[in-house]
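Participant: Provided herewith: run-v4.txt, compact mmCIF, C-alpha atoms.
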```
# COMPACT_ATOMS: atom_id res chain seq x y z
CA MET A 1 23.97 131.42 93.60
CA THR A 2 25.98 133.08 90.89
CA GLU A 3 28.68 133.77 93.42
CA ARG A 4 28.93 130.10 94.19
CA TRP A 5 29.47 129.39 90.53
CA SER A 6 32.03 132.09 90.09
CA THR A 7 34.16 130.65 92.87
CA LEU A 8 34.08 127.14 91.45
CA ASP A 9 37.46 125.92 90.41
CA PRO A 10 37.13 124.37 86.95
CA ALA A 11 39.92 121.94 87.80
CA ARG A 12 37.65 120.42 90.43
CA LEU A 13 34.77 119.77 88.10
CA PRO A 14 34.48 116.29 86.72
CA PRO A 15 36.41 116.60 83.42
CA TYR A 16 33.68 114.99 81.35
CA LEU A 17 31.30 117.85 82.22
CA LEU A 18 33.45 120.11 80.10
CA THR A 19 33.73 117.75 77.18
CA GLY A 20 30.21 116.46 76.81
CA GLY A 21 31.23 113.10 78.22
CA ARG A 22 33.97 112.46 75.69
CA ALA A 23 37.29 111.05 76.74
CA ARG A 24 39.15 111.29 73.44
CA PRO A 25 39.71 114.33 71.20
CA VAL A 26 38.31 114.69 67.68
CA ASP A 27 41.87 114.80 66.43
CA GLU A 28 43.76 111.94 68.06
CA SER A 29 47.02 113.25 66.64
CA LEU A 30 46.90 116.57 68.50
CA ALA A 31 50.28 116.64 70.23
CA VAL A 32 50.56 117.98 73.78
CA GLU A 33 53.38 120.30 72.65
CA ALA A 34 51.61 121.49 69.46
CA GLN A 35 51.38 125.28 69.22
CA VAL A 36 47.84 126.57 69.22
CA LEU A 37 46.92 129.95 67.79
CA THR A 38 43.63 131.84 67.66
CA THR A 39 42.40 132.58 64.16
CA LEU A 40 40.95 135.92 63.09
CA ALA A 41 37.52 134.28 63.23
CA GLY A 42 38.24 133.15 66.78
CA ARG A 43 39.20 136.65 67.78
CA ALA A 44 36.12 138.10 66.16
CA ASP A 45 33.77 135.65 67.89
CA ALA A 46 35.55 135.25 71.24
CA HIS A 47 33.03 137.47 73.01
CA SER A 48 30.19 135.13 72.05
CA LEU A 49 31.94 132.04 73.46
CA GLN A 50 31.63 130.91 77.04
CA PHE A 51 33.73 129.78 79.95
CA GLU A 52 36.70 127.54 79.24
CA VAL A 53 36.32 127.72 75.49
CA ARG A 54 36.44 131.51 75.56
CA ASP A 55 39.45 131.45 77.91
CA ILE A 56 41.31 129.22 75.47
CA VAL A 57 40.52 131.41 72.46
CA GLU A 58 41.64 134.52 74.35
CA LEU A 59 44.79 132.90 75.72
CA CYS A 60 45.91 131.61 72.34
CA ASP A 61 46.01 135.04 70.82
CA GLU A 62 49.65 134.43 71.69
CA PRO A 63 50.80 130.96 70.62
CA HIS A 64 50.62 128.41 73.43
CA ALA A 65 51.40 124.71 73.50
CA VAL A 66 48.41 122.52 74.33
CA VAL A 67 50.07 121.61 77.63
CA GLU A 68 50.66 125.31 78.38
CA VAL A 69 46.96 126.01 77.86
CA ALA A 70 46.16 123.29 80.39
CA SER A 71 48.62 124.75 82.89
CA ALA A 72 47.61 128.38 82.42
CA LEU A 73 43.90 127.67 82.76
CA ARG A 74 44.34 124.90 85.35
CA LEU A 75 42.44 122.46 83.22
CA HIS A 76 42.93 118.75 82.81
CA LEU A 77 45.22 118.12 79.81
CA GLY A 78 42.82 115.53 78.44
CA VAL A 79 40.02 118.11 78.54
CA VAL A 80 42.12 120.73 76.78
CA ARG A 81 43.00 118.35 73.96
CA ILE A 82 39.32 117.77 73.39
CA LEU A 83 38.29 121.43 73.59
CA VAL A 84 41.17 122.55 71.37
CA GLY A 85 40.21 119.89 68.83
CA ASP A 86 36.66 121.20 68.81
CA LEU A 87 37.82 124.80 68.41
CA VAL A 88 40.09 123.85 65.52
CA ALA A 89 37.16 122.06 63.87
CA SER A 90 35.01 125.17 64.24
CA GLY A 91 37.72 127.41 62.81
CA TYR A 92 38.50 129.41 65.94
CA LEU A 93 41.93 127.96 66.54
CA THR A 94 44.66 126.69 64.31
CA VAL A 95 47.49 124.29 65.13
CA ALA A 96 50.86 125.30 63.80
CA GLN A 97 53.75 123.00 63.01
CA PRO A 98 52.61 120.03 65.03
CA ARG A 99 55.70 118.04 64.09
CA VAL A 100 59.30 118.68 63.20
CA ASP A 101 59.83 118.17 59.50
CA PRO A 102 61.86 114.93 59.31
CA SER A 103 64.26 116.47 56.79
CA ARG A 104 65.15 119.16 59.34
CA ARG A 105 65.43 116.77 62.27
CA ALA A 106 69.23 116.63 62.47
CA GLU A 107 69.55 120.40 62.14
CA ILE A 108 66.95 120.98 64.85
CA ILE A 109 68.61 118.50 67.22
CA GLU A 110 71.97 120.21 66.71
CA ARG A 111 70.43 123.57 67.50
CA VAL A 112 68.85 122.18 70.67
CA ILE A 113 72.24 120.82 71.74
CA ARG A 114 73.84 124.24 71.16
CA GLY A 115 71.02 125.89 73.10
CA LEU A 116 71.48 123.52 76.04
CA ASP A 117 75.23 124.11 76.00
CA LYS A 118 74.50 127.74 76.81
CA LEU A 119 72.69 126.83 80.03
CA ASP A 120 74.91 127.23 83.02
CA MET B 1 48.82 151.76 58.90
CA ASP B 2 45.77 149.70 59.72
CA SER B 3 44.29 148.65 56.45
CA THR B 4 43.19 145.12 57.34
CA SER B 5 39.82 145.59 58.97
CA SER B 6 38.00 148.22 60.95
CA THR B 7 37.07 145.63 63.56
CA GLU B 8 40.73 145.03 64.41
CA PRO B 9 41.41 146.62 67.77
CA ARG B 10 44.95 147.57 66.85
CA SER B 11 47.29 146.81 64.08
CA ASP B 12 50.59 146.05 65.68
CA GLY B 13 51.21 143.08 63.45
CA ARG B 14 50.08 140.43 65.92
CA TYR B 15 46.52 140.23 64.80
CA GLY B 16 46.81 140.20 61.04
CA PRO B 17 48.50 138.01 58.47
CA SER B 18 51.91 139.26 59.57
CA ARG B 19 51.69 137.66 63.02
CA PRO B 20 54.99 136.13 64.05
CA LEU B 21 55.37 132.42 63.53
CA PRO B 22 54.81 130.31 66.63
CA PRO B 23 57.86 128.49 67.96
CA ILE B 24 58.89 125.07 66.74
CA PRO B 25 58.06 122.75 69.65
CA VAL B 26 60.36 119.84 70.37
CA LYS B 27 60.20 117.51 73.31
CA ILE B 28 62.13 115.04 75.39
CA VAL B 29 60.33 112.52 77.57
CA ILE B 30 61.70 111.76 81.03
CA ALA B 31 60.57 108.40 82.27
CA GLY B 32 61.16 106.29 85.32
CA GLY B 33 59.46 104.87 88.36
CA PHE B 34 57.77 106.77 91.15
CA GLY B 35 60.13 108.90 93.26
CA VAL B 36 63.12 108.34 91.01
CA GLY B 37 63.84 112.05 90.50
CA LYS B 38 61.85 113.00 87.38
CA THR B 39 60.26 116.10 88.89
CA THR B 40 63.59 117.15 90.37
CA ALA B 41 65.37 116.70 87.04
CA VAL B 42 62.77 118.68 85.08
CA GLY B 43 62.85 121.41 87.72
CA ALA B 44 66.65 121.64 87.61
CA VAL B 45 66.67 122.84 83.99
CA SER B 46 63.20 124.26 83.32
CA GLU B 47 62.79 128.02 82.96
CA ILE B 48 59.29 127.75 84.43
CA ALA B 49 58.24 126.11 87.66
CA VAL B 50 57.51 122.45 87.04
CA LEU B 51 53.82 122.03 86.59
CA THR B 52 52.25 118.77 87.43
CA THR B 53 49.05 118.34 85.55
CA GLU B 54 46.46 115.64 85.33
CA ALA B 55 47.02 114.12 81.97
CA ALA B 56 45.10 111.08 80.98
CA MET B 57 41.46 110.39 80.45
CA THR B 58 40.81 106.85 79.64
CA GLU B 59 37.75 104.97 78.64
CA VAL B 60 37.49 101.83 80.66
CA ALA B 61 35.63 98.74 79.67
CA ALA B 62 32.67 97.84 81.81
CA GLU B 63 34.10 94.66 83.25
CA VAL B 64 37.16 96.48 84.56
CA ASP B 65 35.06 98.66 86.79
CA ARG B 66 33.32 96.30 89.13
CA THR B 67 32.42 98.99 91.62
CA GLY B 68 29.59 100.61 89.70
CA HIS B 69 26.84 99.78 87.31
CA THR B 70 27.64 102.38 84.68
CA PRO B 71 29.03 100.51 81.72
CA GLU B 72 30.27 103.61 79.87
CA LYS B 73 33.43 105.09 81.23
CA THR B 74 35.62 105.81 84.16
CA LEU B 75 38.27 108.47 84.24
CA THR B 76 41.84 107.59 84.99
CA THR B 77 44.22 110.40 85.71
CA VAL B 78 47.98 110.32 85.48
CA ALA B 79 50.23 113.07 86.81
CA LEU B 80 52.50 114.63 84.24
CA ASP B 81 55.43 116.95 85.03
CA PHE B 82 56.05 119.58 82.46
CA GLY B 83 58.90 122.04 82.01
CA ARG B 84 60.22 124.24 79.23
CA ILE B 85 63.53 125.57 77.91
CA THR B 86 63.66 128.29 75.25
CA ILE B 87 66.45 127.17 72.94
CA ASP B 88 66.64 130.10 70.55
CA SER B 89 64.31 132.56 68.86
CA GLU B 90 62.59 129.70 67.04
CA ILE B 91 62.76 126.53 69.11
CA LYS B 92 61.18 125.65 72.44
CA LEU B 93 62.11 122.43 74.17
CA TYR B 94 59.38 120.86 76.29
CA LEU B 95 60.21 118.30 78.93
CA PHE B 96 57.65 115.78 80.05
CA GLY B 97 58.20 113.68 83.12
CA THR B 98 55.89 110.71 83.27
CA PRO B 99 55.54 107.80 85.63
CA GLY B 100 54.96 105.72 82.59
CA GLN B 101 52.42 103.70 80.84
CA ASP B 102 49.05 103.49 82.48
CA ARG B 103 47.18 100.25 82.04
CA PHE B 104 45.55 101.53 78.89
CA GLY B 105 48.57 102.87 77.11
CA PHE B 106 47.39 106.44 76.86
CA MET B 107 50.35 108.21 78.24
CA TRP B 108 53.36 107.02 76.37
CA ARG B 109 51.69 106.62 73.03
CA ASP B 110 50.59 110.25 73.07
CA LEU B 111 53.67 111.69 74.70
CA VAL B 112 56.29 109.83 72.79
CA GLU B 113 54.89 110.58 69.34
CA GLY B 114 57.27 113.09 67.76
CA ALA B 115 59.66 113.18 70.74
CA LEU B 116 63.35 113.68 69.92
CA GLY B 117 64.23 111.08 72.52
CA ALA B 118 63.85 109.99 76.10
CA LEU B 119 65.80 109.91 79.33
CA VAL B 120 65.05 106.89 81.48
CA ILE B 121 65.97 107.54 85.10
CA VAL B 122 66.97 104.58 87.23
CA ASP B 123 67.14 104.16 90.96
CA THR B 124 69.43 101.17 91.45
CA ARG B 125 67.49 100.18 94.56
CA ARG B 126 64.38 99.70 92.44
CA MET B 127 65.63 98.87 89.00
CA ASN B 128 62.54 97.01 87.90
CA ASP B 129 60.52 100.24 87.95
CA CYS B 130 62.16 101.52 84.80
CA TYR B 131 62.05 98.29 82.86
CA PRO B 132 58.70 98.99 81.12
CA ALA B 133 60.13 102.26 79.76
CA VAL B 134 63.30 100.62 78.46
CA ASP B 135 61.25 97.85 76.89
CA TYR B 136 58.75 100.23 75.28
CA PHE B 137 61.31 102.68 73.87
CA GLU B 138 63.33 99.83 72.39
CA LYS B 139 60.21 98.39 70.84
CA ILE B 140 59.19 101.63 69.10
CA GLY B 141 62.74 102.68 68.21
CA LEU B 142 62.78 105.92 70.21
CA PRO B 143 66.35 107.08 70.93
CA PHE B 144 66.98 106.97 74.66
CA VAL B 145 69.62 107.07 77.33
CA VAL B 146 69.47 105.29 80.66
CA ALA B 147 70.63 107.52 83.51
CA VAL B 148 71.29 106.26 87.02
CA ASN B 149 70.38 108.95 89.53
CA MET B 150 73.19 109.24 92.06
CA PHE B 151 71.17 110.04 95.14
CA ASP B 152 74.07 109.83 97.55
CA GLY B 153 76.89 110.50 95.15
CA ALA B 154 77.75 106.82 95.20
CA LEU B 155 76.83 104.04 92.86
CA SER B 156 75.43 101.06 94.68
CA HIS B 157 75.83 98.84 91.64
CA ASP B 158 78.39 98.57 88.92
CA LEU B 159 77.07 100.17 85.70
CA ALA B 160 77.73 96.93 83.89
CA ASP B 161 75.44 95.17 86.38
CA VAL B 162 72.74 97.75 85.77
CA ARG B 163 73.02 97.24 82.02
CA TRP B 164 72.78 93.51 82.48
CA ALA B 165 69.87 93.70 84.93
CA LEU B 166 67.85 95.93 82.63
CA ALA B 167 68.93 94.12 79.48
CA VAL B 168 69.90 97.44 77.93
CA ARG B 169 71.49 97.04 74.51
CA GLU B 170 75.15 97.92 74.00
CA GLN B 171 74.32 100.81 71.69
CA THR B 172 72.14 102.48 74.33
CA PRO B 173 74.21 104.86 76.47
CA LEU B 174 74.13 104.22 80.22
CA ILE B 175 75.24 107.17 82.31
CA THR B 176 75.17 108.43 85.88
CA PHE B 177 73.84 111.85 86.81
CA ASP B 178 72.49 113.96 89.64
CA ALA B 179 68.88 115.01 89.14
CA ARG B 180 69.39 118.00 91.46
CA SER B 181 72.19 119.51 89.40
CA ARG B 182 71.31 121.77 86.48
CA ARG B 183 74.54 120.97 84.64
CA SER B 184 74.23 117.29 85.25
CA VAL B 185 70.66 117.18 83.93
CA ARG B 186 71.65 119.33 80.97
CA ASP B 187 74.47 116.91 80.15
CA ALA B 188 72.05 113.99 80.39
CA LEU B 189 69.68 115.74 77.95
CA VAL B 190 72.59 116.39 75.58
CA ALA B 191 73.42 112.68 75.79
CA VAL B 192 69.84 111.92 74.72
CA LEU B 193 70.13 114.34 71.80
CA ASN B 194 73.46 112.90 70.70
CA GLN B 195 71.86 109.48 70.72
CA ALA B 196 68.97 110.91 68.67
CA LEU B 197 71.47 112.36 66.22
CA ARG B 198 73.16 108.98 65.85
CA GLN B 199 69.84 107.44 64.93
CA VAL B 200 69.08 110.18 62.37
CA THR B 201 72.48 109.84 60.72
CA PRO B 202 73.70 106.33 61.46
CA ASN B 203 77.42 105.75 61.04
```
Show this structure as structure tokens.
Facilitator:
Amino acid sequence: MTERWSTLDPARLPPYLLTGGRARPVDESLAVEAQVLTTLAGRADAHSLQFEVRDIVELCDEPHAVVEVASALRLHLGVVRILVGDLVASGYLTVAQPRVDPSRRAEIIERVIRGLDKLD
Amino acid sequence: MDSTSSTEPRSDGRYGPSRPLPPIPVKIVIAGGFGVGKTTAVGAVSEIAVLTTEAAMTEVAAEVDRTGHTPEKTLTTVALDFGRITIDSEIKLYLFGTPGQDRFGFMWRDLVEGALGALVIVDTRRMNDCYPAVDYFEKIGLPFVVAVNMFDGALSHDLADVRWALAVREQTPLITFDARSRRSVRDALVAVLNQALRQVTPN
């Protein structure tokens, strides 16, 4: 029986099973490109967490965008937004720089243009 | 020296207060109808394989779902293409290719928030497919460029006709490009960013 579970692909589970039936995240403003980072508390408690939630906390020891978490763990993006929101609320994850500071917008755009110019 | 905590496995700077700052994420949305070349365009410039992920979960009102008796919710999924370009040591550019607005508005509202701009890809054989994107981006004031994908290297319509058919404003750039070509897609993205720059510093 346990073997059956271990071979289950989480991406094939109905998404609401992972989110307690919720379809929207706690934090509606959580951007799909926002960088997620595990806190020291998250690192300390990771071993006591389970399944997807633990995978997220372990993965985000290195910063990952919300969408990158979904891709790396093969989870539904909508599910990840909800789980990340929960983990931020419980202090295990933090979201860094969710938006470009409007005062730096022109500078950032110019740097992106220069970066793209280097692609060949 | 590890002086932070004895429970720290190692002190190589990543685990303590001196962890490096995460990158600044910026994004460009690539919109357009089904089969117009969004996945191809993202793949042409992305440094990672394009990942198509299921994106949207939407609560649906009971009367919409006539097939079942559960009044609570149904899940709607929308495929989302995602690619990435590392710009410099600080900035990562994320590209999101989306078929567009689902019936409930989830996708664009969430994706477009904070985007630098958008590229709307047009197939001149099915111009109507991109109209909702043009309409929506104009409405919310997101800088965008309309790009006709040259599938066969030939334009089947005059660009002026395309502009007229889509009712694209004069100030919105209308370009042609080849979604398969890295340079061509790069140039289209630069066109989007130049348009974004014009809207940050108008004159």
Participant: Find the residues near Val66 of chain A: any atom within 9 Å, counting all atoms listed in the file, skip ones fewer than 5 places away on the same chain, and give them as a list in words.
Facilitator: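 That gives Leu30, Ala31, Val32, Glu33, Ala34, Gln35, Val36, Ser71, Leu77, Val80, Arg81 and Val84 of chain A.
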Participant: Neighbours of Lys38 of chain B within 9 Å (all atoms listed in the file; same-chain residues fewer than 3 positions away dropped), as a ChimeraX atom specification?
Facilitator: /B:30-35,41-43,81,96-99,121,179
Participant: Could you tell me how far atom CA of Arg104 of chain A sits from atom CA of Val200 of chain B, in Å to one decimal place?
Facilitator: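 These two atoms are separated by 10.3 Å.
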Participant: Nearest residue to Pro22 of chain B out of A:Asp55, A:His76, A:Ala96, A:Ala44, using all atoms listed in the file?
Facilitator: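 Once distances to Pro22 of chain B are computed over all atoms listed in the file, the minimum belongs to A:Ala96.
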Participant: What's the separation between atom CA of Ala44 of chain B and atom CA of Val192 of chain B, in Å to one decimal place?
Facilitator: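 Calculated distance between atom CA of Ala44 of chain B and atom CA of Val192 of chain B is 16.5 Å.
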Participant: Between A:Ile113, A:Glu58, A:Ala72, A:Lys118, which is the closest to chain B once you count all atoms listed in the file?
Facilitator: A:Ile113
Participant: One decimal, Å: what's the distance from atom CA of Ile28 of chain B over to atom CA of Leu189 of chain B, could you say?
Facilitator: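 These atoms are spaced 8.0 Å apart.
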Participant: Residues near segment 160-167 of chain B, anyone? I mean within 10 Å using only C-alpha atoms, not counting same-chain ones fewer than 3 positions away, as a ChimeraX atom specification.
Facilitator: /B:122-124,127-128,130-132,134-135,146,148,156-157,170,172-174
Participant: Pull C-alpha atoms from the residues just selected and write them as an mmCIF file, in the coordinates of the input.
Facilitator:
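The resulting file, result_26.cif, is shown below:
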```cif
data_model
loop_
_atom_site.group_PDB
_atom_site.id
_atom_site.type_symbol
_atom_site.label_atom_id
_atom_site.label_comp_id
_atom_site.auth_asym_id
_atom_site.auth_seq_id
_atom_site.Cartn_x
_atom_site.Cartn_y
_atom_site.Cartn_z
ATOM 1 C CA VAL B 122 66.970 104.580 87.230
ATOM 2 C CA ASP B 123 67.140 104.160 90.960
ATOM 3 C CA THR B 124 69.430 101.170 91.450
ATOM 4 C CA MET B 127 65.630 98.870 89.000
ATOM 5 C CA ASN B 128 62.540 97.010 87.900
ATOM 6 C CA CYS B 130 62.160 101.520 84.800
ATOM 7 C CA TYR B 131 62.050 98.290 82.860
ATOM 8 C CA PRO B 132 58.700 98.990 81.120
ATOM 9 C CA VAL B 134 63.300 100.620 78.460
ATOM 10 C CA ASP B 135 61.250 97.850 76.890
ATOM 11 C CA VAL B 146 69.470 105.290 80.660
ATOM 12 C CA VAL B 148 71.290 106.260 87.020
ATOM 13 C CA SER B 156 75.430 101.060 94.680
ATOM 14 C CA HIS B 157 75.830 98.840 91.640
ATOM 15 C CA GLU B 170 75.150 97.920 74.000
ATOM 16 C CA THR B 172 72.140 102.480 74.330
ATOM 17 C CA PRO B 173 74.210 104.860 76.470
ATOM 18 C CA LEU B 174 74.130 104.220 80.220
#
```
Participant: Identify which of the residues B:Val36, B:Glu90, B:Gly114, B:Leu119 lies closest to Met150 of chain B, counting only C-alpha atoms when measuring atom-to-atom distances.
Facilitator: B:Val36
Participant: Restricting the calculation to all atoms listed in the file: of B:Ile91, B:Val112, B:Gly37, B:Val185, which residue gets closest to Glu107 of chain A?
Facilitator: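 For Glu107 of chain A, the nearest of the given residues is B:Ile91.
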Participant: Which residue, B:Ala118, B:Pro143, B:Arg84, B:Gln195, has the smallest gap to Ala49 of chain B when you use only C-alpha atoms?
Facilitator: B:Arg84
Participant: Find the residue from B:Thr40, B:Leu51, B:Asp187, B:Ala115 that sits nearest to Ala70 of chain A; use all atoms listed in the file when measuring.
Facilitator: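 Of the candidates, the smallest distance to Ala70 of chain A is held by B:Leu51.
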Participant: Dig up all the protein and nucleic acid residues within 7 Å of (58.9, 125.3, 72.5) in the file frame, using all atoms listed in the file, and format them as number ranges by chain.
Facilitator: B: 23-26, 84, 86, 91-94
Participant: Per residue of chain A within 9 Å of chain B, what are the shortest atom pair and its distance in Å to one decimal, counting all atoms listed in the file, with rows by chain and residue number, as a Markdown table?
Facilitator:
```
| residue | atom | partner | partner_atom | distance |
| --- | --- | --- | --- | --- |
| A:Pro15 | CA | B:Leu75 | CA | 8.4 |
| A:Tyr16 | CA | B:Leu75 | CA | 8.5 |
| A:Gly21 | CA | B:Lys73 | CA | 8.8 |
| A:Arg22 | CA | B:Glu59 | CA | 8.9 |
| A:Ala23 | CA | B:Met57 | CA | 5.6 |
| A:Arg24 | CA | B:Met57 | CA | 7.4 |
| A:Glu28 | CA | B:Asp110 | CA | 8.6 |
| A:Ser29 | CA | B:Asp110 | CA | 7.9 |
| A:Leu30 | CA | B:Asp110 | CA | 8.6 |
| A:Ala31 | CA | B:Asp110 | CA | 7.0 |
| A:Val32 | CA | B:Leu111 | CA | 7.1 |
| A:Glu33 | CA | B:Pro25 | CA | 6.1 |
| A:Ala34 | CA | B:Pro25 | CA | 6.6 |
| A:Gln35 | CA | B:Pro22 | CA | 6.6 |
| A:Val36 | CA | B:Pro22 | CA | 8.3 |
| A:Leu37 | CA | B:Pro22 | CA | 8.0 |
| A:Thr39 | CA | B:Tyr15 | CA | 8.7 |
| A:Leu40 | CA | B:Tyr15 | CA | 7.2 |
| A:Arg43 | CA | B:Tyr15 | CA | 8.7 |
| A:Ala44 | CA | B:Thr7 | CA | 8.0 |
| A:Asp61 | CA | B:Tyr15 | CA | 8.0 |
| A:Glu62 | CA | B:Pro22 | CA | 8.3 |
| A:Pro63 | CA | B:Pro22 | CA | 5.7 |
| A:His64 | CA | B:Pro22 | CA | 8.2 |
| A:Ala65 | CA | B:Pro25 | CA | 7.9 |
| A:Val67 | CA | B:Phe82 | CA | 8.0 |
| A:Glu68 | CA | B:Phe82 | CA | 8.9 |
| A:Ala70 | CA | B:Thr53 | CA | 7.7 |
| A:Ser71 | CA | B:Leu51 | CA | 6.9 |
| A:Arg74 | CA | B:Thr53 | CA | 8.1 |
| A:Leu75 | CA | B:Thr53 | CA | 8.1 |
| A:His76 | CA | B:Glu54 | CA | 5.3 |
| A:Leu77 | CA | B:Ala55 | CA | 4.9 |
| A:Gly78 | CA | B:Ala56 | CA | 5.6 |
| A:Val79 | CA | B:Met57 | CA | 8.1 |
| A:Ala96 | CA | B:Pro22 | CA | 7.0 |
| A:Gln97 | CA | B:Ile24 | CA | 6.7 |
| A:Pro98 | CA | B:Pro25 | CA | 7.6 |
| A:Arg99 | CA | B:Gly114 | CA | 6.4 |
| A:Val100 | CA | B:Ile24 | CA | 7.3 |
| A:Arg105 | CA | B:Val200 | CA | 7.5 |
| A:Ala106 | CA | B:Leu197 | CA | 6.1 |
| A:Ile108 | CA | B:Ile91 | CA | 8.2 |
| A:Ile109 | CA | B:Leu193 | CA | 6.4 |
| A:Glu110 | CA | B:Leu197 | CA | 7.9 |
| A:Arg111 | CA | B:Ile87 | CA | 7.6 |
| A:Val112 | CA | B:Ile87 | CA | 6.0 |
| A:Ile113 | CA | B:Val190 | CA | 5.9 |
| A:Arg114 | CA | B:Ile87 | CA | 8.1 |
| A:Gly115 | CA | B:Ile87 | CA | 4.7 |
| A:Leu116 | CA | B:Arg186 | CA | 6.5 |
| A:Asp117 | CA | B:Arg186 | CA | 7.8 |
| A:Lys118 | CA | B:Ile87 | CA | 9.0 |
| A:Leu119 | CA | B:Arg186 | CA | 7.6 |
| A:Asp120 | CA | B:Arg183 | CA | 6.5 |
```
